[in-house]
file entry21.cif (mmCIF, C-alpha atoms)
data_query
loop_
_atom_site.label_atom_id
_atom_site.label_comp_id
_atom_site.auth_asym_id
_atom_site.auth_seq_id
_atom_site.Cartn_x
_atom_site.Cartn_y
_atom_site.Cartn_z
CA MET P 211 -29.44 -0.10 -3.34
CA GLN P 212 -25.80 0.29 -4.38
CA ARG P 213 -24.38 3.42 -5.95
CA PRO P 214 -20.99 3.47 -7.66
CA LEU P 215 -18.12 5.54 -6.32
CA ALA P 216 -17.71 7.25 -9.69
CA ASP P 217 -15.76 10.33 -10.66
CA ALA P 218 -16.27 12.81 -13.48
CA TYR P 219 -13.91 10.89 -15.79
CA GLY P 220 -15.75 7.57 -15.81
CA ARG P 221 -13.60 5.78 -13.26
CA VAL P 222 -15.32 3.75 -10.54
CA ALA P 223 -13.61 2.95 -7.25
CA THR P 224 -14.02 -0.66 -6.11
CA ASP P 225 -10.71 -1.04 -4.24
CA LEU P 226 -10.66 0.45 -0.73
CA ARG P 227 -7.36 1.02 1.10
CA VAL P 228 -7.98 1.35 4.86
CA SER P 229 -5.21 2.80 7.02
CA LEU P 230 -5.51 1.44 10.56
CA THR P 231 -2.73 3.52 12.10
CA ASP P 232 -0.19 6.15 11.13
CA ARG P 233 2.40 4.59 13.45
CA CYS P 234 5.22 2.35 12.30
CA ASN P 235 7.97 0.32 13.98
CA LEU P 236 10.49 1.02 11.21
CA ARG P 237 11.95 4.39 10.21
CA CYS P 238 12.53 3.99 6.49
CA SER P 239 14.61 6.88 5.20
CA TYR P 240 12.33 7.54 2.21
CA CYS P 241 9.26 7.73 4.45
CA MET P 242 10.06 9.48 7.73
CA PRO P 243 12.88 10.93 9.84
CA ALA P 244 14.84 8.79 12.29
CA GLU P 245 13.00 10.23 15.28
CA GLY P 246 9.60 9.37 13.82
CA LEU P 247 6.67 11.75 13.47
CA ASP P 248 4.00 13.38 15.58
CA TRP P 249 1.50 10.52 15.65
CA LEU P 250 -2.24 11.06 15.59
CA PRO P 251 -3.70 11.47 19.10
CA HIS P 252 -5.57 8.31 20.05
CA PRO P 253 -9.03 9.97 20.21
CA GLU P 254 -8.67 11.05 16.57
CA VAL P 255 -8.10 7.49 15.34
CA LEU P 256 -11.17 5.53 14.28
CA THR P 257 -12.27 2.81 16.68
CA ASP P 258 -12.58 -0.77 15.47
CA ASP P 259 -16.37 -0.39 15.31
CA GLU P 260 -16.06 2.83 13.29
CA VAL P 261 -13.64 1.21 10.85
CA VAL P 262 -15.96 -1.74 10.31
CA ARG P 263 -18.99 0.53 9.94
CA LEU P 264 -17.36 2.54 7.16
CA ILE P 265 -16.11 -0.60 5.40
CA THR P 266 -19.64 -2.00 5.60
CA ILE P 267 -21.04 1.14 3.99
CA GLY P 268 -18.42 0.87 1.26
CA VAL P 269 -19.20 -2.77 0.54
CA ARG P 270 -22.98 -2.82 0.87
CA ARG P 271 -23.86 0.60 -0.49
CA LEU P 272 -20.97 1.71 -2.70
CA GLY P 273 -19.73 -1.36 -4.55
CA ILE P 274 -16.37 -1.93 -2.85
CA ARG P 275 -15.02 -5.39 -3.78
CA GLU P 276 -11.46 -5.25 -2.47
CA VAL P 277 -10.25 -4.08 0.94
CA ARG P 278 -6.59 -3.68 1.79
CA PHE P 279 -5.53 -2.83 5.33
CA THR P 280 -2.52 -0.52 5.49
CA GLY P 281 -0.75 1.89 7.83
CA GLY P 282 1.72 2.99 9.02
CA GLU P 283 2.15 -0.60 10.04
CA PRO P 284 -1.25 -2.32 10.34
CA LEU P 285 0.08 -5.20 12.46
CA ILE P 286 0.55 -2.65 15.25
CA ARG P 287 -3.23 -2.30 15.43
CA ARG P 288 -4.36 -4.62 18.22
CA GLY P 289 -7.79 -5.13 16.70
CA LEU P 290 -6.52 -6.09 13.23
CA VAL P 291 -7.48 -9.78 13.35
CA ASP P 292 -11.00 -8.96 14.58
CA ILE P 293 -11.42 -6.22 11.96
CA VAL P 294 -10.43 -8.72 9.27
CA ARG P 295 -12.87 -11.29 10.65
CA ARG P 296 -15.74 -8.80 10.73
CA THR P 297 -14.92 -7.58 7.23
CA ARG P 298 -14.84 -11.14 5.91
CA ALA P 299 -18.36 -11.60 7.29
CA LEU P 300 -19.54 -9.05 4.72
CA GLY P 301 -18.98 -11.54 1.91
CA ASP P 302 -16.86 -14.49 0.87
CA ASP P 303 -16.25 -12.86 -2.51
CA LEU P 304 -14.43 -9.85 -1.06
CA GLU P 305 -10.67 -9.74 -1.63
CA LEU P 306 -8.95 -8.94 1.65
CA SER P 307 -5.25 -8.17 1.97
CA VAL P 308 -2.73 -6.43 4.22
CA THR P 309 0.30 -4.32 3.32
CA THR P 310 2.91 -4.80 6.04
CA ASN P 311 6.60 -4.59 6.87
CA ALA P 312 6.17 -8.16 8.22
CA LEU P 313 7.85 -7.55 11.58
CA GLY P 314 4.93 -9.09 13.46
CA LEU P 315 3.78 -11.42 10.71
CA GLU P 316 5.41 -14.60 11.95
CA ARG P 317 3.19 -14.66 15.05
CA ASN P 318 0.07 -13.31 13.33
CA ALA P 319 -0.03 -15.01 9.92
CA GLN P 320 -2.06 -18.04 10.98
CA ALA P 321 -4.61 -15.98 12.92
CA LEU P 322 -5.05 -13.61 9.99
CA ALA P 323 -5.58 -16.53 7.61
CA GLN P 324 -8.16 -18.06 9.93
CA ALA P 325 -9.91 -14.68 10.18
CA GLY P 326 -10.39 -14.66 6.41
CA LEU P 327 -7.45 -12.67 5.03
CA ASP P 328 -6.54 -13.69 1.48
CA ARG P 329 -2.97 -12.48 1.07
CA VAL P 330 -0.25 -10.05 2.14
CA ASN P 331 1.98 -7.46 0.50
CA ILE P 332 5.34 -7.15 2.24
CA SER P 333 7.63 -4.14 1.94
CA LEU P 334 11.24 -5.28 1.56
CA ASP P 335 13.93 -3.33 -0.28
CA THR P 336 17.05 -5.44 0.21
CA LEU P 337 18.30 -8.83 1.41
CA ASP P 338 21.53 -7.36 2.75
CA PRO P 339 21.40 -6.87 6.57
CA GLU P 340 23.58 -3.76 6.56
CA ARG P 341 21.61 -2.11 3.78
CA PHE P 342 18.36 -3.07 5.49
CA HIS P 343 19.57 -1.29 8.62
CA THR P 344 20.64 1.74 6.58
CA ILE P 345 17.22 2.03 4.94
CA THR P 346 14.96 1.15 7.89
CA ARG P 347 17.22 2.24 10.78
CA ARG P 348 16.39 -1.08 12.45
CA ASP P 349 18.19 -4.45 12.55
CA ARG P 350 15.12 -6.58 11.75
CA LEU P 351 15.73 -8.25 8.40
CA ASP P 352 15.49 -11.77 9.84
CA ASP P 353 12.05 -10.94 11.28
CA VAL P 354 10.84 -9.85 7.86
CA LEU P 355 12.13 -13.01 6.17
CA ARG P 356 10.51 -15.23 8.82
CA GLY P 357 7.28 -13.26 8.46
CA ALA P 358 7.20 -13.81 4.70
CA LYS P 359 7.76 -17.54 5.16
CA ALA P 360 5.02 -17.73 7.81
CA ALA P 361 2.57 -15.95 5.50
CA HIS P 362 3.36 -18.37 2.68
CA ASN P 363 2.96 -21.39 4.98
CA ALA P 364 -0.36 -20.01 6.28
CA GLY P 365 -1.73 -19.81 2.75
CA LEU P 366 -1.73 -16.01 2.51
CA THR P 367 -0.73 -16.29 -1.12
CA PRO P 368 0.45 -15.02 -3.40
CA VAL P 369 2.88 -13.30 -1.05
CA LYS P 370 3.77 -10.09 -2.85
CA ILE P 371 7.02 -8.27 -2.12
CA ASN P 372 7.14 -4.51 -2.71
CA ALA P 373 10.63 -3.09 -3.24
CA VAL P 374 11.81 0.50 -3.70
CA LEU P 375 15.27 0.98 -5.18
CA LEU P 376 17.23 3.95 -3.84
CA ARG P 377 20.06 5.39 -5.90
CA GLY P 378 23.41 4.71 -4.30
CA VAL P 379 21.89 2.60 -1.52
CA ASN P 380 20.29 -0.59 -2.89
CA ASP P 381 19.94 0.08 -6.61
CA ASP P 382 22.15 -2.92 -7.42
CA ASP P 383 19.96 -5.31 -5.42
CA ALA P 384 17.30 -5.77 -8.11
CA CYS P 385 18.54 -9.09 -9.49
CA ASP P 386 19.21 -10.64 -6.09
CA LEU P 387 15.73 -9.69 -4.93
CA LEU P 388 14.14 -11.23 -8.02
CA ALA P 389 16.15 -14.46 -7.77
CA TRP P 390 15.15 -14.79 -4.11
CA ALA P 391 11.49 -14.10 -4.85
CA VAL P 392 11.38 -16.68 -7.65
CA GLU P 393 13.07 -19.28 -5.43
CA HIS P 394 10.51 -18.77 -2.63
CA GLU P 395 7.48 -18.43 -4.94
CA TYR P 396 6.88 -14.81 -3.96
CA GLU P 397 5.71 -12.19 -6.45
CA LEU P 398 8.10 -9.24 -6.59
CA ARG P 399 6.97 -5.73 -7.47
CA PHE P 400 9.42 -2.85 -7.92
CA ILE P 401 7.93 0.57 -7.16
CA GLU P 402 9.33 3.88 -8.34
CA GLN P 403 10.01 6.08 -5.34
CA MET P 404 7.20 8.63 -5.05
CA PRO P 405 7.10 12.11 -3.45
CA LEU P 406 5.39 10.99 -0.24
CA ASP P 407 8.14 11.35 2.36
CA ALA P 408 7.52 13.35 5.51
CA GLN P 409 10.70 15.36 4.94
CA HIS P 410 9.59 16.51 1.45
CA ASP P 411 13.09 15.61 0.29
CA TRP P 412 12.12 13.69 -2.88
CA HIS P 413 14.00 14.67 -6.04
CA ARG P 414 13.26 13.22 -9.46
CA GLU P 415 16.93 12.80 -10.35
CA GLN P 416 17.45 10.56 -7.31
CA MET P 417 14.62 8.23 -8.29
CA VAL P 418 15.49 4.91 -9.93
CA THR P 419 13.16 4.81 -12.92
CA ALA P 420 11.32 1.87 -14.45
CA GLU P 421 13.63 1.92 -17.45
CA GLU P 422 16.64 1.62 -15.16
CA ILE P 423 14.99 -1.27 -13.31
CA PHE P 424 14.36 -3.11 -16.57
CA ALA P 425 18.00 -2.58 -17.60
CA LYS P 426 19.28 -3.96 -14.29
CA LEU P 427 17.04 -7.04 -14.46
CA ALA P 428 18.05 -7.71 -18.07
CA GLN P 429 21.60 -8.40 -16.87
CA ARG P 430 20.46 -11.77 -15.46
CA PHE P 431 16.90 -12.42 -16.60
CA THR P 432 14.83 -12.43 -19.77
CA LEU P 433 11.56 -10.57 -19.28
CA THR P 434 8.60 -10.84 -21.61
CA PRO P 435 5.25 -9.06 -21.18
CA ALA P 436 2.65 -11.15 -19.38
CA ARG P 437 -0.33 -12.02 -21.54
CA GLU P 438 -3.15 -11.09 -19.20
CA PRO P 439 -4.53 -7.55 -19.54
CA ARG P 440 -3.30 -5.14 -16.90
CA GLY P 441 -6.68 -3.51 -16.30
CA SER P 442 -6.65 -1.34 -13.18
CA ALA P 443 -3.65 -3.11 -11.61
CA PRO P 444 -0.81 -0.67 -10.93
CA ALA P 445 1.95 -3.11 -11.88
CA GLU P 446 3.08 -3.92 -15.40
CA LEU P 447 3.72 -7.68 -15.24
CA PHE P 448 6.47 -9.61 -16.99
CA LEU P 449 7.25 -13.32 -17.20
CA VAL P 450 10.67 -14.18 -15.78
CA ASP P 451 12.67 -16.41 -18.15
CA GLY P 452 9.46 -17.58 -19.80
CA GLY P 453 7.49 -18.05 -16.57
CA PRO P 454 5.57 -19.09 -14.65
CA ALA P 455 7.19 -16.63 -12.24
CA THR P 456 6.42 -12.96 -12.83
CA VAL P 457 7.86 -9.64 -11.79
CA GLY P 458 6.02 -6.35 -11.79
CA VAL P 459 7.08 -2.72 -12.10
CA ILE P 460 4.89 0.03 -10.70
CA ALA P 461 6.00 3.17 -12.54
CA SER P 462 3.74 5.71 -10.87
CA VAL P 463 6.00 8.61 -11.85
CA THR P 464 7.33 7.84 -15.33
CA ARG P 465 4.38 5.76 -16.60
CA PRO P 466 1.28 7.05 -14.77
CA PHE P 467 -1.78 4.80 -14.82
CA CYS P 468 -4.24 7.31 -13.37
CA GLY P 469 -6.74 6.76 -16.17
CA ASP P 470 -7.40 3.21 -14.95
CA CYS P 471 -7.33 3.90 -11.20
CA ASP P 472 -10.05 2.13 -9.19
CA ARG P 473 -8.81 2.99 -5.68
CA VAL P 474 -10.09 5.11 -2.82
CA ARG P 475 -8.44 5.58 0.56
CA LEU P 476 -9.67 5.93 4.13
CA THR P 477 -7.14 7.32 6.60
CA ALA P 478 -6.79 6.17 10.19
CA ASP P 479 -8.60 9.31 11.35
CA GLY P 480 -11.54 8.79 9.03
CA GLN P 481 -10.75 11.00 6.04
CA VAL P 482 -11.63 9.94 2.50
CA ARG P 483 -8.85 10.54 -0.03
CA ASN P 484 -9.86 10.06 -3.65
CA CYS P 485 -6.22 10.00 -4.80
CA LEU P 486 -2.96 9.03 -3.12
CA PHE P 487 -1.68 12.52 -3.97
CA ALA P 488 -4.87 14.44 -3.16
CA ARG P 489 -4.44 17.69 -1.25
CA GLU P 490 -8.04 17.70 -0.05
CA GLU P 491 -9.89 15.18 2.12
CA SER P 492 -13.50 14.55 3.11
CA ASP P 493 -14.13 14.05 6.83
CA LEU P 494 -16.33 11.03 7.56
CA ARG P 495 -15.26 10.73 11.18
CA ALA P 496 -16.72 14.04 12.31
CA ALA P 497 -20.00 13.36 10.53
CA MET P 498 -20.18 9.83 11.93
CA ARG P 499 -19.51 10.97 15.50
CA ALA P 500 -22.10 13.73 15.08
CA GLY P 501 -24.76 11.10 14.39
CA ALA P 502 -24.84 10.85 10.59
CA SER P 503 -26.78 7.91 9.19
CA ASP P 504 -25.26 5.32 6.87
CA ASP P 505 -27.06 6.98 3.95
CA GLU P 506 -25.62 10.38 4.87
CA LEU P 507 -22.10 8.95 5.17
CA ALA P 508 -22.51 7.24 1.80
CA ASP P 509 -23.63 10.56 0.27
CA ARG P 510 -20.49 12.26 1.59
CA TRP P 511 -18.32 9.48 0.22
CA VAL P 512 -19.92 9.69 -3.23
CA ALA P 513 -19.46 13.47 -3.24
CA ALA P 514 -15.79 13.10 -2.29
CA MET P 515 -15.13 10.78 -5.23
CA ALA P 516 -16.89 13.07 -7.69
CA THR P 517 -14.14 15.68 -7.26
CA LYS P 518 -11.26 13.36 -8.17
CA LEU P 519 -8.80 14.95 -10.58
CA PRO P 520 -7.86 13.27 -13.90
CA GLY P 521 -4.33 12.49 -12.67
CA HIS P 522 -1.90 12.86 -9.79
CA GLY P 523 0.01 15.67 -11.51
CA ILE P 524 3.51 14.64 -10.45
CA ASN P 525 4.83 15.57 -13.88
CA ASP P 526 3.14 18.98 -13.85
CA PRO P 527 5.38 21.95 -12.94
CA THR P 528 2.71 23.12 -10.47
CA PHE P 529 2.66 19.79 -8.57
CA LEU P 530 2.61 20.10 -4.80
CA GLN P 531 3.37 17.13 -2.58
CA PRO P 532 0.55 16.14 -0.19
CA ASP P 533 0.86 17.54 3.31
CA ARG P 534 0.49 14.06 4.77
CA PRO P 535 3.33 11.55 4.30
CA MET P 536 2.73 8.01 3.11
CA SER P 537 2.67 6.66 6.69
CA ALA P 538 -0.33 8.85 7.47
CA ILE P 539 -2.17 8.25 4.17
CA GLY P 540 -1.99 4.48 3.82
CA GLY P 541 -0.80 2.71 0.69
#
call {"tool": "encode", "arguments": {"input": "entry21.cif", "output": "structure tokens"}}
result
Amino acid sequence: MQRPLADAYGRVATDLRVSLTDRCNLRCSYCMPAEGLDWLPHPEVLTDDEVVRLITIGVRRLGIREVRFTGGEPLIRRGLVDIVRRTRALGDDLELSVTTNALGLERNAQALAQAGLDRVNISLDTLDPERFHTITRRDRLDDVLRGAKAAHNAGLTPVKINAVLLRGVNDDDACDLLAWAVEHEYELRFIEQMPLDAQHDWHREQMVTAEEIFAKLAQRFTLTPAREPRGSAPAELFLVDGGPATVGVIASVTRPFCGDCDRVRLTADGQVRNCLFAREESDLRAAMRAGASDDELADRWVAAMATKLPGHGINDPTFLQPDRPMSAIGG
């Protein structure tokens, strides 16, 4: 019998974000320092079997309908294709996706499609090689572009591109990114920079806001609101020059959408996070390794969701950034 992952405010989580690793092969300046971070010790990371067991509990007992594999960089996880295949076996109606920097996507796209993956989200903030190197501290732009093309050719569509604009770095790249995305039939999403960096160096005044993004895009494009209801989707969608192409803006800071959130997160070391910005976690790994049954793990998961706060609180003066950075939480 299924039970909903409901909180005290009437929201029900049906979208599970599963972090498969906290490691990454880029060093994006808004995420982590150039030298990287202290990665999780291998014994603390869930095994492939443990990941699949928890996903199975989520799907069969708790009503999860969407699973997105994240990181760090999930393509680093050697068992990714098999995890996708085993998750797909839970139901053809599940929506399965991966959020990736696309560095290894060119060689993995076909295998992921054959394993049952539906689509990919690719993080890409600029098409300029020098700016890409400045942001990521790696000279790998061509790999990302080839990865996006391979995903499209493999049928992992729609290929969604996630872009963060950084003031004084790539904030004038918005129009070029959108023109490129429209040309290649990718769906572009701009995301306001959020306070999730390992350095805790985020400052509101440095963030390029949704209103600024709209103003930049208006210099070359006409945007009109898309007709379909937004629902629990984080992005506000707009038709580009009348469509059919769309562009989205995810304004997590200036236009919070917490009231419609349907997401829950599982970290690479088996912690349930009921909000991206939660400061508390519920440990499923320890219980699982101590012999907890599927029913007991489901009970813990339900209890963790019941404590979800009404909003992330970024705009509250008492807001405290999560101890874990984005690379360790999963997107």
call {"tool": "residues_around", "arguments": {"input": "entry21.cif", "residues": "Val374 in chain P", "least_positions_apart": "4", "cutoff": "7 Å", "atoms": "only C-alpha atoms", "output": "PyMOL selection string"}}
result
chain P and resi 335+400-403
call {"tool": "residues_around", "arguments": {"input": "entry21.cif", "residues": "range 442-456 of chain P", "least_positions_apart": "2", "cutoff": "7 Å", "atoms": "all atoms listed in the file", "output": "compact mmCIF listing (two decimals) with C-alpha atoms, in the coordinates of the input"}}
result
# COMPACT_ATOMS: atom_id res chain seq x y z
CA VAL P 392 11.38 -16.68 -7.65
CA GLU P 397 5.71 -12.19 -6.45
CA PHE P 431 16.90 -12.42 -16.60
CA THR P 432 14.83 -12.43 -19.77
CA LEU P 433 11.56 -10.57 -19.28
CA THR P 434 8.60 -10.84 -21.61
CA PRO P 435 5.25 -9.06 -21.18
CA ALA P 436 2.65 -11.15 -19.38
CA ARG P 440 -3.30 -5.14 -16.90
CA GLY P 458 6.02 -6.35 -11.79
CA VAL P 459 7.08 -2.72 -12.10
CA ILE P 460 4.89 0.03 -10.70
CA PHE P 467 -1.78 4.80 -14.82
CA ASP P 470 -7.40 3.21 -14.95
CA CYS P 471 -7.33 3.90 -11.20
CA ASP P 472 -10.05 2.13 -9.19
call {"tool": "residues_around", "arguments": {"input": "entry21.cif", "residues": "range 342-349 of chain P", "least_positions_apart": "2", "cutoff": "7 Å", "atoms": "only C-alpha atoms", "output": "short mmCIF file (atom, residue, chain, number, x, y, z; two decimals) with C-alpha atoms, in the coordinates of the input"}}
result
data_model
loop_
_atom_site.label_atom_id
_atom_site.label_comp_id
_atom_site.auth_asym_id
_atom_site.auth_seq_id
_atom_site.Cartn_x
_atom_site.Cartn_y
_atom_site.Cartn_z
CA LEU P 236 10.49 1.02 11.21
CA ARG P 237 11.95 4.39 10.21
CA CYS P 238 12.53 3.99 6.49
CA SER P 239 14.61 6.88 5.20
CA THR P 336 17.05 -5.44 0.21
CA ASP P 338 21.53 -7.36 2.75
CA PRO P 339 21.40 -6.87 6.57
CA GLU P 340 23.58 -3.76 6.56
CA LEU P 351 15.73 -8.25 8.40
#
call {"tool": "closest_atom_pairs", "arguments": {"input": "entry21.cif", "of": "range 235-312 of chain P", "to": "range 499-507 of chain P", "cutoff": "12 Å", "atoms": "all atoms listed in the file", "output": "tab-separated table"}}
result
residue	atom	partner	partner_atom	distance
P:Pro253	CA	P:Arg499	CA	11.5
P:Glu254	CA	P:Arg499	CA	10.9
P:Val255	CA	P:Arg499	CA	11.9
P:Leu256	CA	P:Arg499	CA	10.0
P:Thr257	CA	P:Arg499	CA	11.0
P:Asp259	CA	P:Arg499	CA	11.8
P:Glu260	CA	P:Arg499	CA	9.1
P:Arg263	CA	P:Asp504	CA	8.5
P:Leu264	CA	P:Leu507	CA	8.2
P:Ile265	CA	P:Asp504	CA	11.0
P:Thr266	CA	P:Asp504	CA	9.3
P:Ile267	CA	P:Asp504	CA	6.6
P:Gly268	CA	P:Leu507	CA	9.7
P:Val269	CA	P:Asp504	CA	11.9
P:Arg270	CA	P:Asp504	CA	10.4
P:Arg271	CA	P:Asp505	CA	8.4
P:Leu272	CA	P:Asp505	CA	10.4
call {"tool": "resolve_selection", "arguments": {"input": "entry21.cif", "expression": "the PyMOL selection byres ((chain P and resi 325) around 8)", "output": "PyMOL selection string"}}
result
chain P and resi 291-292+294-295+298+321-324+326-327
call {"tool": "closest_residue", "arguments": {"input": "entry21.cif", "among": "P:Val482, P:Leu334, P:Val457, P:Val369", "to": "Leu388 in chain P", "atoms": "only C-alpha atoms"}}
result
P:Val457
call {"tool": "closest_residue", "arguments": {"input": "entry21.cif", "among": "P:Gly220, P:Pro368, P:Pro520, P:Pro214", "to": "Arg275 in chain P", "atoms": "all atoms listed in the file"}}
result
P:Pro214
call {"tool": "closest_residue", "arguments": {"input": "entry21.cif", "among": "P:Gly540, P:Gly378, P:Gly365, P:Gly301", "to": "Leu230 in chain P", "atoms": "all atoms listed in the file"}}
result
P:Gly540
call {"tool": "closest_residue", "arguments": {"input": "entry21.cif", "among": "P:Thr231, P:Asp479, P:Lys359, P:Leu337", "to": "Leu285 in chain P", "atoms": "only C-alpha atoms"}}
result
P:Thr231
call {"tool": "closest_residue", "arguments": {"input": "entry21.cif", "among": "P:Asp232, P:Ala364, P:Arg227, P:Val262", "to": "Leu250 in chain P", "atoms": "all atoms listed in the file"}}
result
P:Asp232
call {"tool": "atom_distance", "arguments": {"input": "entry21.cif", "atom1": "CA of Thr419 in chain P", "atom2": "CA of Arg473 in chain P"}}
result
23.2 Å
call {"tool": "resolve_selection", "arguments": {"input": "entry21.cif", "expression": "the PyMOL selection byres ((chain P and resi 354) around 8)", "output": "MDAnalysis selection string"}}
result
chainID P and resid 311:313 315 334 350:353 355:358
call {"tool": "axis_aligned_box", "arguments": {"input": "entry21.cif", "around": "range 296-299 of chain P", "padding_each_side": "8 Å", "output": "JSON"}}
result
{"center_x": -16.6, "center_y": -9.6, "center_z": 8.3, "size_x": 19.5, "size_y": 20.0, "size_z": 20.8}
call {"tool": "atom_distance", "arguments": {"input": "entry21.cif", "atom1": "CA of Ala223 in chain P", "atom2": "CA of Val474 in chain P"}}
result
6.1 Å
call {"tool": "atom_distance", "arguments": {"input": "entry21.cif", "atom1": "CA of Val222 in chain P", "atom2": "CA of Arg278 in chain P"}}
result
16.8 Å
call {"tool": "closest_residue", "arguments": {"input": "entry21.cif", "among": "P:Met417, P:Val330, P:Leu494, P:Leu215", "to": "Ser462 in chain P", "atoms": "all atoms listed in the file"}}
result
P:Met417
